[in-house]
Each structure stands twice: as C-alpha cells, then as structure tokens.
>>> print(open('my_file29.csv').read())   # CSV, C-alpha atoms
chain,number,residue,atom,x,y,z
A,44,MET,CA,10.0,23.8,-4.4
A,45,HIS,CA,9.7,20.1,-3.9
A,46,GLY,CA,7.1,18.7,-1.6
A,47,ASP,CA,8.3,17.0,1.5
A,48,SER,CA,8.4,13.2,1.3
A,49,SER,CA,8.5,12.5,5.0
A,50,GLY,CA,5.3,14.3,6.0
A,51,ARG,CA,1.8,13.5,4.8
A,52,PRO,CA,2.2,12.5,1.2
A,53,TRP,CA,-1.3,13.8,0.4
A,54,GLU,CA,-3.8,16.0,2.0
A,55,LEU,CA,-7.5,16.7,1.7
A,56,SER,CA,-8.4,20.2,0.7
A,57,LEU,CA,-11.7,21.9,0.9
A,58,PHE,CA,-12.7,23.5,-2.4
A,59,PRO,CA,-16.1,25.2,-2.1
A,60,GLU,CA,-18.2,24.7,-5.2
A,61,THR,CA,-18.7,28.2,-6.6
A,62,GLU,CA,-20.9,27.2,-9.5
A,63,SER,CA,-23.3,25.0,-7.4
A,64,GLY,CA,-27.0,25.0,-8.2
A,65,PRO,CA,-29.6,26.7,-6.0
A,66,GLY,CA,-29.9,25.3,-2.5
A,67,ALA,CA,-26.4,24.0,-2.6
A,68,LEU,CA,-24.9,27.0,-0.7
A,69,PHE,CA,-23.2,24.8,1.9
A,70,ASP,CA,-22.2,22.1,-0.5
A,71,ILE,CA,-18.5,21.5,-0.4
A,72,THR,CA,-16.5,19.0,-2.4
A,73,LEU,CA,-13.5,17.1,-1.2
A,74,VAL,CA,-10.7,17.1,-3.7
A,75,PRO,CA,-7.8,14.9,-2.9
A,76,VAL,CA,-4.5,16.6,-3.6
A,77,LEU,CA,-1.3,14.7,-4.0
A,78,LYS,CA,1.8,16.8,-3.1
A,79,THR,CA,4.2,15.2,-5.6
A,80,THR,CA,7.9,15.9,-5.8
A,81,SER,CA,7.6,16.2,-9.6
A,82,PHE,CA,4.4,18.1,-10.2
A,83,GLY,CA,3.8,20.0,-7.0
A,84,HIS,CA,0.1,19.8,-6.0
A,85,LEU,CA,-1.8,17.4,-8.2
A,86,GLU,CA,-5.5,17.2,-7.9
A,87,TYR,CA,-7.1,13.9,-8.7
A,88,GLY,CA,-10.5,12.2,-8.4
A,89,PRO,CA,-11.3,8.6,-7.6
A,90,GLU,CA,-11.7,8.0,-11.3
A,91,ASP,CA,-8.0,8.7,-11.8
A,92,VAL,CA,-6.7,6.1,-9.3
A,93,ILE,CA,-5.6,2.7,-10.6
A,94,ASP,CA,-5.6,-0.1,-8.1
A,95,PHE,CA,-2.7,-2.5,-8.1
A,96,PRO,CA,-4.1,-5.2,-5.8
A,97,GLU,CA,-0.6,-6.7,-5.0
A,98,GLY,CA,1.4,-3.6,-5.6
A,99,LEU,CA,4.5,-4.1,-7.8
A,100,PRO,CA,7.4,-6.6,-7.0
A,101,GLY,CA,9.7,-4.7,-4.6
A,102,PHE,CA,6.9,-2.2,-3.8
A,103,GLU,CA,4.2,-4.5,-2.5
A,104,GLN,CA,2.7,-1.9,-0.2
A,105,GLU,CA,2.1,0.6,-3.0
A,106,ARG,CA,-1.4,-0.3,-4.0
A,107,GLN,CA,-2.7,2.8,-5.8
A,108,PHE,CA,-1.1,4.8,-8.6
A,109,LEU,CA,-2.0,7.7,-10.9
A,110,LEU,CA,-1.2,7.4,-14.6
A,111,ILE,CA,0.0,10.8,-15.7
A,112,GLU,CA,0.2,11.6,-19.4
A,113,ARG,CA,1.7,15.0,-20.4
A,114,PRO,CA,2.2,16.2,-24.0
A,115,GLU,CA,5.6,17.6,-23.2
A,116,ILE,CA,7.0,14.1,-22.3
A,117,HIS,CA,4.9,12.1,-24.8
A,118,PRO,CA,5.1,9.1,-25.4
A,119,VAL,CA,6.6,8.7,-21.9
A,120,CYS,CA,4.0,8.6,-19.1
A,121,LEU,CA,4.4,8.4,-15.4
A,122,LEU,CA,3.1,6.0,-12.8
A,123,GLN,CA,2.9,8.1,-9.6
A,124,SER,CA,2.3,6.4,-6.3
A,125,VAL,CA,-0.7,7.8,-4.3
A,126,SER,CA,0.6,6.9,-0.9
A,127,THR,CA,4.3,7.8,-1.5
A,128,ALA,CA,4.7,11.3,-3.1
A,129,SER,CA,8.3,10.7,-3.8
A,130,LEU,CA,7.8,7.5,-5.8
A,131,LEU,CA,7.2,7.4,-9.5
A,132,PHE,CA,8.0,5.2,-12.4
A,133,LEU,CA,8.7,6.3,-16.0
A,134,CYS,CA,6.7,4.2,-18.4
A,135,VAL,CA,6.2,3.9,-22.1
A,136,PRO,CA,3.8,1.8,-24.2
A,137,VAL,CA,5.4,-1.5,-25.0
A,138,ALA,CA,4.7,-1.0,-28.7
A,139,VAL,CA,7.0,2.0,-28.7
A,140,ILE,CA,9.9,-0.2,-27.6
A,141,ASP,CA,8.9,-3.2,-29.7
A,142,PRO,CA,6.1,-2.8,-32.2
A,143,ALA,CA,5.8,-6.6,-32.5
A,144,TYR,CA,5.6,-7.2,-28.8
A,145,ASP,CA,3.7,-10.4,-28.1
A,146,LEU,CA,1.8,-9.9,-24.8
A,147,LYS,CA,1.5,-12.9,-22.6
A,148,VAL,CA,-0.6,-12.5,-19.4
A,149,LEU,CA,-0.5,-15.6,-17.2
A,150,PRO,CA,-3.9,-16.8,-15.9
A,151,ASP,CA,-2.6,-16.2,-12.4
A,152,TYR,CA,-3.1,-12.5,-13.0
A,153,TYR,CA,-6.6,-12.7,-14.3
A,154,SER,CA,-8.3,-12.5,-10.9
A,155,LEU,CA,-6.2,-9.5,-9.9
A,156,LEU,CA,-7.4,-7.7,-13.0
A,157,GLY,CA,-11.0,-8.9,-12.5
A,158,TRP,CA,-10.8,-10.8,-15.8
A,159,GLU,CA,-12.4,-14.0,-14.6
A,160,GLY,CA,-15.4,-14.9,-16.7
A,161,GLY,CA,-13.8,-13.3,-19.8
A,162,ARG,CA,-14.5,-9.7,-18.6
A,163,ALA,CA,-11.4,-8.3,-20.4
A,164,VAL,CA,-12.2,-5.4,-22.7
A,165,PRO,CA,-9.3,-5.4,-25.2
A,166,GLY,CA,-9.7,-1.8,-26.2
A,167,ALA,CA,-9.5,-0.6,-22.6
A,168,VAL,CA,-6.2,-2.3,-21.8
A,169,THR,CA,-3.0,-0.3,-21.7
A,170,VAL,CA,0.3,-2.2,-21.7
A,171,LEU,CA,3.3,-0.2,-20.5
A,172,ALA,CA,7.0,-1.0,-20.0
A,173,ILE,CA,8.7,0.6,-17.0
A,174,LEU,CA,11.8,2.5,-18.0
A,175,CYS,CA,15.0,2.5,-16.1
A,176,TRP,CA,16.8,5.9,-16.6
A,177,PRO,CA,20.2,5.5,-15.0
A,178,GLU,CA,22.6,8.3,-14.2
A,179,ARG,CA,24.8,6.8,-16.8
A,180,GLY,CA,24.6,3.8,-19.1
A,181,PRO,CA,21.8,2.9,-21.5
A,182,VAL,CA,18.1,3.4,-20.8
A,183,THR,CA,16.4,0.1,-20.4
A,184,ALA,CA,12.8,-1.1,-20.5
A,185,ASN,CA,11.2,-4.0,-18.7
A,186,LEU,CA,9.6,-6.1,-21.3
A,187,LEU,CA,9.6,-9.2,-19.1
A,188,GLY,CA,7.1,-7.7,-16.7
A,189,PRO,CA,4.9,-5.2,-18.5
A,190,LEU,CA,2.3,-3.3,-16.6
A,191,VAL,CA,-1.1,-4.4,-17.8
A,192,ILE,CA,-3.8,-1.8,-16.9
A,193,ASP,CA,-7.5,-2.3,-17.5
A,194,ARG,CA,-8.5,1.4,-17.8
A,195,GLU,CA,-12.2,0.5,-17.6
A,196,ALA,CA,-11.9,-1.4,-14.3
A,197,ARG,CA,-9.0,0.9,-13.2
A,198,ARG,CA,-7.0,-2.1,-12.1
A,199,GLY,CA,-3.4,-3.0,-12.9
A,200,VAL,CA,-0.8,-5.7,-12.4
A,201,GLN,CA,2.7,-6.2,-13.4
A,202,ALA,CA,2.2,-9.2,-15.5
A,203,ILE,CA,5.5,-11.1,-15.4
A,204,ARG,CA,6.0,-13.6,-18.1
A,205,ASP,CA,7.2,-17.1,-17.6
A,206,ASP,CA,9.4,-17.4,-20.6
A,207,ALA,CA,12.7,-15.9,-21.7
A,208,ARG,CA,11.5,-14.2,-24.8
A,209,TYR,CA,11.9,-10.7,-23.3
A,210,SER,CA,14.3,-9.1,-20.9
A,211,ALA,CA,13.7,-7.0,-17.8
A,212,THR,CA,16.5,-4.8,-19.0
A,213,THR,CA,15.9,-4.4,-22.7
A,214,PRO,CA,18.1,-1.6,-24.0
A,215,VAL,CA,16.1,1.3,-25.6
A,216,ALA,CA,17.7,2.3,-28.8
A,217,TRP,CA,17.5,6.0,-29.6
A,218,ARG,CA,19.5,8.5,-31.5
A,219,GLY,CA,21.8,9.8,-28.8
A,220,GLU,CA,23.9,12.9,-28.4
A,221,ALA,CA,26.7,11.2,-30.3
A,222,GLY,CA,24.4,11.4,-33.4
A,223,GLU,CA,24.2,7.7,-33.8
A,224,ALA,CA,21.7,5.1,-32.9
A,225,VAL,CA,22.8,3.7,-29.5
B,375,MET,CA,26.1,-25.6,-10.2
B,376,LEU,CA,25.1,-28.8,-8.4
B,377,ILE,CA,23.1,-31.1,-10.6
B,378,ILE,CA,20.8,-33.8,-9.2
B,379,ARG,CA,18.8,-36.2,-11.4
B,380,ARG,CA,15.3,-36.9,-9.9
B,381,ARG,CA,12.1,-38.6,-11.1
B,382,ALA,CA,8.5,-37.8,-10.3
B,383,ASN,CA,7.7,-38.3,-6.6
B,384,GLU,CA,11.3,-38.1,-5.6
B,385,SER,CA,12.6,-35.1,-3.6
B,386,PHE,CA,15.7,-33.4,-2.3
B,387,ALA,CA,16.4,-31.1,0.6
B,388,ILE,CA,18.1,-27.7,0.8
B,389,GLY,CA,19.5,-27.2,4.3
B,390,ASP,CA,17.5,-28.6,7.2
B,391,SER,CA,14.2,-26.9,6.6
B,392,ILE,CA,13.5,-26.8,2.9
B,393,GLU,CA,12.3,-29.8,0.8
B,394,VAL,CA,11.6,-29.8,-2.9
B,395,VAL,CA,9.4,-32.6,-4.3
B,396,VAL,CA,9.2,-33.4,-8.0
B,397,LEU,CA,5.5,-33.9,-8.4
B,398,GLU,CA,5.0,-34.3,-12.1
B,399,VAL,CA,7.1,-34.3,-15.3
B,400,GLU,CA,5.3,-33.6,-18.5
B,401,GLY,CA,7.1,-32.8,-21.7
B,402,SER,CA,9.2,-29.7,-21.1
B,403,GLN,CA,7.4,-28.8,-17.8
B,404,VAL,CA,8.2,-29.8,-14.3
B,405,LYS,CA,5.7,-29.4,-11.4
B,406,LEU,CA,7.5,-28.9,-8.1
B,407,GLY,CA,6.3,-28.9,-4.6
B,408,ILE,CA,8.2,-26.9,-2.0
B,409,ARG,CA,8.1,-27.3,1.8
B,410,ALA,CA,9.8,-24.4,3.5
B,411,PRO,CA,9.4,-22.1,6.5
B,412,ARG,CA,6.9,-19.3,6.0
B,413,GLU,CA,9.6,-16.7,6.2
B,414,VAL,CA,11.5,-18.1,3.2
B,415,SER,CA,10.6,-16.2,0.1
B,416,ILE,CA,10.0,-18.3,-3.0
B,417,LEU,CA,9.8,-16.4,-6.2
B,418,ARG,CA,9.9,-17.3,-9.9
B,419,SER,CA,13.3,-16.0,-11.2
B,420,GLU,CA,11.4,-13.7,-13.6
B,421,VAL,CA,9.7,-12.1,-10.6
B,422,LEU,CA,13.0,-11.6,-8.9
B,423,GLU,CA,14.4,-10.0,-12.0
B,424,THR,CA,11.5,-7.7,-12.2
B,425,ARG,CA,11.8,-6.7,-8.6
B,426,ARG,CA,15.4,-5.7,-9.1
B,427,ALA,CA,14.4,-3.8,-12.3
B,428,ASN,CA,11.7,-2.0,-10.4
B,429,GLN,CA,14.0,-1.0,-7.6
B,430,GLN,CA,16.4,0.4,-10.1
B,431,ALA,CA,13.7,2.2,-12.1
B,432,ALA,CA,12.0,3.8,-9.1
B,433,ARG,CA,12.5,7.5,-9.0
B,434,ARG,CA,11.9,10.3,-6.6
B,435,ALA,CA,11.3,12.8,-9.3
B,436,LEU,CA,11.3,13.2,-13.1
B,437,PRO,CA,14.8,13.4,-14.8
B,438,ALA,CA,15.9,17.0,-15.0
B,439,GLN,CA,15.0,16.8,-18.7
B,440,PHE,CA,14.6,14.2,-21.4
B,441,PRO,CA,16.9,14.7,-24.3
B,442,GLU,CA,14.7,15.9,-27.2
B,443,SER,CA,16.2,13.2,-29.4
B,444,PHE,CA,15.0,10.5,-26.9
B,445,LEU,CA,11.4,11.7,-27.0
B,446,SER,CA,11.3,12.3,-30.7
B,447,THR,CA,12.8,8.9,-31.5
B,448,LEU,CA,10.1,7.3,-29.3
B,449,SER,CA,7.4,9.5,-30.7
B,450,ARG,CA,8.2,8.4,-34.2
B,451,ARG,CA,7.8,4.8,-33.2
B,452,ALA,CA,4.6,5.5,-31.3
B,453,ARG,CA,2.9,6.5,-34.6
>>> encode(input="my_file29.csv", output="structure tokens")
Amino acid sequence: MHGDSSGRPWELSLFPETESGPGALFDITLVPVLKTTSFGHLEYGPEDVIDFPEGLPGFEQERQFLLIERPEIHPVCLLQSVSTASLLFLCVPVAVIDPAYDLKVLPDYYSLLGWEGGRAVPGAVTVLAILCWPERGPVTANLLGPLVIDREARRGVQAIRDDARYSATTPVAWRGEAGEAV
Amino acid sequence: MLIIRRRANESFAIGDSIEVVVLEVEGSQVKLGIRAPREVSILRSEVLETRRANQQAARRALPAQFPESFLSTLSRRAR
C-alpha cells in the first residue's frame, strides 16, 4: 500500500508516446515518478519542482519539493520532498491563518530567491505557513518562518523573520469536535 | 542568566574557543562578531525555533483524515 521509504525514493519510467507525430515512432519520453507514501506514484515534470537552494532548517539536504494542491484538502496543500518519499509538510497560505499577516523577507534571502536586481514578481509569490499536526494538542502554524515561493522562478526559501511579531507555533483556531472555537 | 555590560570594541569569551566582539551599537541594534571553531553552529534564535518547528511538523504521510470542521473553517477564511 505504502511505497517503501528505504529503497529508491523515485524511479524513472519509460512512457512511450502514443500520440507522437509522424517520424517519431521511436520517440520516448522520460517521466519522473515519485513513489510517495501518501499518494502512491506521482508523476511530475521539471516544471513542478521547486528548488530550495538551502533546504529547510533541520532539513538542509532536502533541496527539491513538489507543491501538491488537491481540492479534497483545500486550503491545505502539501510540500512533498523529491528526494525523500516519506517526507512531507502540511502547509496553508499564511492569509488563511492571519488575513492581516505582514510579510517580512530579510534581504539575506533575496539571492536565494533570485530577487537581486528587483526581479520579484509579486503576483507569482506564494506565502505558506507550515502546519504542525500533532497526535494530540492544538494544531499550530509557523508564522515566524513562512515559506516564500516564487512560482515563476520555481524557487523557495523559508524566510525566517528577525522580529518577535509572529510565533513558530501559532495556534490555529478552528471549530473543533467539542463544537466550540478552540 | 549571566549579564555582562560591554561597549563597542569590547569582547567576552565563552569557554576556551569562542570569542564574541561587540562591533557596533546603533540605536536598538547591536552588531556582534563571533570567533568560534567551524564545527560550532551559530544560528539566530528564530532559525533554531523554526528548525524545531520543522522537525515537529515533518510527516511521513498525510493525517488519516482532516476533520471536516478544520478544512471548512480554514476554507471560510481563505475566501
């Protein structure tokens, strides 16, 4: 049922193009397939991969992630590691946690995002908070270090603030099973 | 907590191998220089907090299911 995490986390599959044009009889396309623990086989293309040049704190070796958005878990989305099939983070747009969230990206992060020379395209930037979903206890969101993803450049960083305005463990209020806002 | 009062260009040591120099004091900001062995990790506290939060948040798989009330509460706010 679940993919193995110890073996190869991803594999290359050969998918012959059936609808290829004339003269392309032997044309084959390489489709990378990620064997995830959550979604089984997940096909993706280079355009789906987001580079995190320094990984994430605590996960410095994880340099590539896929951002998975599924209607059944909206507005939660998933950041799935490309190199480790059994590593994913639950995320949610920061505005969902705090509509008035005041984003602060320190200049240290500009070069990682390729923003030097004012290349930032505001419309193409997604800002997500990583959710911590513990076995018990409240769900929390990291508003101290949001993920800033430039969708156009397909680059991301965890842009950790230098002030104490937001917490790395901000409780996420929601109407729980008890029928009251927690 | 040990408290030491230092001025710009003064320093203090932590153990035998770490030295912290106060380089500049300007308004509410302090610029520090740190001499330490390469293997000593020096992180802003916010980075350390985020690292802990990441380690707690990392998952092997999706939760068995999200409570419907959780997603609907968030969805309402996403609009």
>>> interface_residues(input="my_file29.csv", of="chain B", to="chain A", cutoff="12 Å", atoms="only C-alpha atoms", output="PyMOL selection string")
chain B and resi 403+417-453
>>> write_last_selection(input="my_file29.csv", atoms="C-alpha atoms", output="mmCIF file, in the coordinates of the input")
data_model
loop_
_atom_site.group_PDB
_atom_site.id
_atom_site.type_symbol
_atom_site.label_atom_id
_atom_site.label_comp_id
_atom_site.auth_asym_id
_atom_site.auth_seq_id
_atom_site.Cartn_x
_atom_site.Cartn_y
_atom_site.Cartn_z
ATOM 1 C CA GLN B 403 7.400 -28.800 -17.800
ATOM 2 C CA LEU B 417 9.800 -16.400 -6.200
ATOM 3 C CA ARG B 418 9.900 -17.300 -9.900
ATOM 4 C CA SER B 419 13.300 -16.000 -11.200
ATOM 5 C CA GLU B 420 11.400 -13.700 -13.600
ATOM 6 C CA VAL B 421 9.700 -12.100 -10.600
ATOM 7 C CA LEU B 422 13.000 -11.600 -8.900
ATOM 8 C CA GLU B 423 14.400 -10.000 -12.000
ATOM 9 C CA THR B 424 11.500 -7.700 -12.200
ATOM 10 C CA ARG B 425 11.800 -6.700 -8.600
ATOM 11 C CA ARG B 426 15.400 -5.700 -9.100
ATOM 12 C CA ALA B 427 14.400 -3.800 -12.300
ATOM 13 C CA ASN B 428 11.700 -2.000 -10.400
ATOM 14 C CA GLN B 429 14.000 -1.000 -7.600
ATOM 15 C CA GLN B 430 16.400 0.400 -10.100
ATOM 16 C CA ALA B 431 13.700 2.200 -12.100
ATOM 17 C CA ALA B 432 12.000 3.800 -9.100
ATOM 18 C CA ARG B 433 12.500 7.500 -9.000
ATOM 19 C CA ARG B 434 11.900 10.300 -6.600
ATOM 20 C CA ALA B 435 11.300 12.800 -9.300
ATOM 21 C CA LEU B 436 11.300 13.200 -13.100
ATOM 22 C CA PRO B 437 14.800 13.400 -14.800
ATOM 23 C CA ALA B 438 15.900 17.000 -15.000
ATOM 24 C CA GLN B 439 15.000 16.800 -18.700
ATOM 25 C CA PHE B 440 14.600 14.200 -21.400
ATOM 26 C CA PRO B 441 16.900 14.700 -24.300
ATOM 27 C CA GLU B 442 14.700 15.900 -27.200
ATOM 28 C CA SER B 443 16.200 13.200 -29.400
ATOM 29 C CA PHE B 444 15.000 10.500 -26.900
ATOM 30 C CA LEU B 445 11.400 11.700 -27.000
ATOM 31 C CA SER B 446 11.300 12.300 -30.700
ATOM 32 C CA THR B 447 12.800 8.900 -31.500
ATOM 33 C CA LEU B 448 10.100 7.300 -29.300
ATOM 34 C CA SER B 449 7.400 9.500 -30.700
ATOM 35 C CA ARG B 450 8.200 8.400 -34.200
ATOM 36 C CA ARG B 451 7.800 4.800 -33.200
ATOM 37 C CA ALA B 452 4.600 5.500 -31.300
ATOM 38 C CA ARG B 453 2.900 6.500 -34.600
#
>>> atom_distance(input="my_file29.csv", atom1="CA of Val76 (chain A)", atom2="CA of Ile192 (chain A)")
22.7 Å
>>> residues_around(input="my_file29.csv", residues="Ile392 (chain B)", least_positions_apart="2", cutoff="9 Å", atoms="all atoms listed in the file", output="JSON, numbers by chain")
{"B": [386, 387, 388, 389, 390, 394, 408, 409, 410, 411, 414]}
>>> atom_distance(input="my_file29.csv", atom1="CA of Ala167 (chain A)", atom2="CA of Glu105 (chain A)")
22.8 Å
>>> atom_distance(input="my_file29.csv", atom1="CA of Val191 (chain A)", atom2="CA of Thr169 (chain A)")
6.0 Å
>>> build_atoms(input="my_file29.csv", residues="region 388-399 of chain B", atoms="all heavy atoms", output="short mmCIF file (atom, residue, chain, number, x, y, z; two decimals), in the frame of the given file")
data_model
loop_
_atom_site.label_atom_id
_atom_site.label_comp_id
_atom_site.auth_asym_id
_atom_site.auth_seq_id
_atom_site.Cartn_x
_atom_site.Cartn_y
_atom_site.Cartn_z
N ILE B 388 17.15 -28.79 0.82
CA ILE B 388 18.10 -27.70 0.80
C ILE B 388 18.21 -27.26 2.30
O ILE B 388 17.23 -26.80 2.88
CB ILE B 388 17.64 -26.51 -0.04
CG1 ILE B 388 17.47 -26.96 -1.49
CG2 ILE B 388 18.65 -25.35 0.05
CD1 ILE B 388 16.82 -25.94 -2.40
N GLY B 389 19.36 -27.49 2.90
CA GLY B 389 19.50 -27.20 4.30
C GLY B 389 18.60 -28.13 5.13
O GLY B 389 18.19 -29.19 4.65
N ASP B 390 18.28 -27.71 6.36
CA ASP B 390 17.50 -28.60 7.20
C ASP B 390 15.99 -28.37 7.08
O ASP B 390 15.20 -29.21 7.48
CB ASP B 390 17.84 -28.24 8.70
CG ASP B 390 19.23 -28.76 9.05
OD1 ASP B 390 19.67 -29.72 8.38
OD2 ASP B 390 19.86 -28.19 9.97
N SER B 391 15.64 -27.23 6.48
CA SER B 391 14.20 -26.90 6.60
C SER B 391 13.49 -26.76 5.25
O SER B 391 12.32 -26.44 5.21
CB SER B 391 14.06 -25.58 7.35
OG SER B 391 14.83 -24.57 6.72
N ILE B 392 14.19 -27.01 4.15
CA ILE B 392 13.50 -26.80 2.90
C ILE B 392 13.56 -28.17 2.09
O ILE B 392 14.61 -28.80 1.95
CB ILE B 392 14.21 -25.74 2.02
CG1 ILE B 392 14.12 -24.40 2.77
CG2 ILE B 392 13.56 -25.63 0.64
CD1 ILE B 392 14.92 -23.28 2.16
N GLU B 393 12.40 -28.59 1.63
CA GLU B 393 12.30 -29.80 0.80
C GLU B 393 11.63 -29.52 -0.48
O GLU B 393 10.60 -28.83 -0.51
CB GLU B 393 11.54 -30.88 1.61
CG GLU B 393 11.68 -32.24 0.97
CD GLU B 393 10.72 -33.29 1.53
OE1 GLU B 393 9.86 -32.93 2.36
OE2 GLU B 393 10.84 -34.44 1.11
N VAL B 394 12.21 -30.02 -1.55
CA VAL B 394 11.60 -29.80 -2.90
C VAL B 394 11.23 -31.18 -3.43
O VAL B 394 12.04 -32.10 -3.47
CB VAL B 394 12.63 -29.13 -3.84
CG1 VAL B 394 12.00 -28.90 -5.20
CG2 VAL B 394 13.12 -27.81 -3.24
N VAL B 395 9.96 -31.33 -3.81
CA VAL B 395 9.40 -32.60 -4.30
C VAL B 395 9.13 -32.43 -5.81
O VAL B 395 8.48 -31.45 -6.20
CB VAL B 395 8.16 -33.01 -3.59
CG1 VAL B 395 7.75 -34.42 -3.99
CG2 VAL B 395 8.32 -32.89 -2.08
N VAL B 396 9.59 -33.36 -6.63
CA VAL B 396 9.20 -33.40 -8.00
C VAL B 396 7.84 -34.05 -8.11
O VAL B 396 7.72 -35.25 -7.83
CB VAL B 396 10.23 -34.13 -8.91
CG1 VAL B 396 9.81 -34.14 -10.37
CG2 VAL B 396 11.61 -33.51 -8.74
N LEU B 397 6.81 -33.31 -8.43
CA LEU B 397 5.50 -33.90 -8.40
C LEU B 397 5.10 -34.51 -9.75
O LEU B 397 4.47 -35.55 -9.82
CB LEU B 397 4.43 -32.78 -8.08
CG LEU B 397 4.55 -32.18 -6.67
CD1 LEU B 397 3.61 -31.00 -6.53
CD2 LEU B 397 4.26 -33.23 -5.61
N GLU B 398 5.50 -33.85 -10.82
CA GLU B 398 5.00 -34.30 -12.10
C GLU B 398 6.02 -33.80 -13.19
O GLU B 398 6.52 -32.68 -13.12
CB GLU B 398 3.67 -33.62 -12.37
CG GLU B 398 2.75 -34.32 -13.34
CD GLU B 398 1.44 -33.54 -13.45
OE1 GLU B 398 0.64 -33.59 -12.49
OE2 GLU B 398 1.26 -32.84 -14.46
N VAL B 399 6.30 -34.66 -14.15
CA VAL B 399 7.10 -34.30 -15.30
C VAL B 399 6.29 -34.50 -16.54
O VAL B 399 5.79 -35.60 -16.76
CB VAL B 399 8.43 -35.07 -15.37
CG1 VAL B 399 9.31 -34.58 -16.52
CG2 VAL B 399 9.19 -34.99 -14.06
#
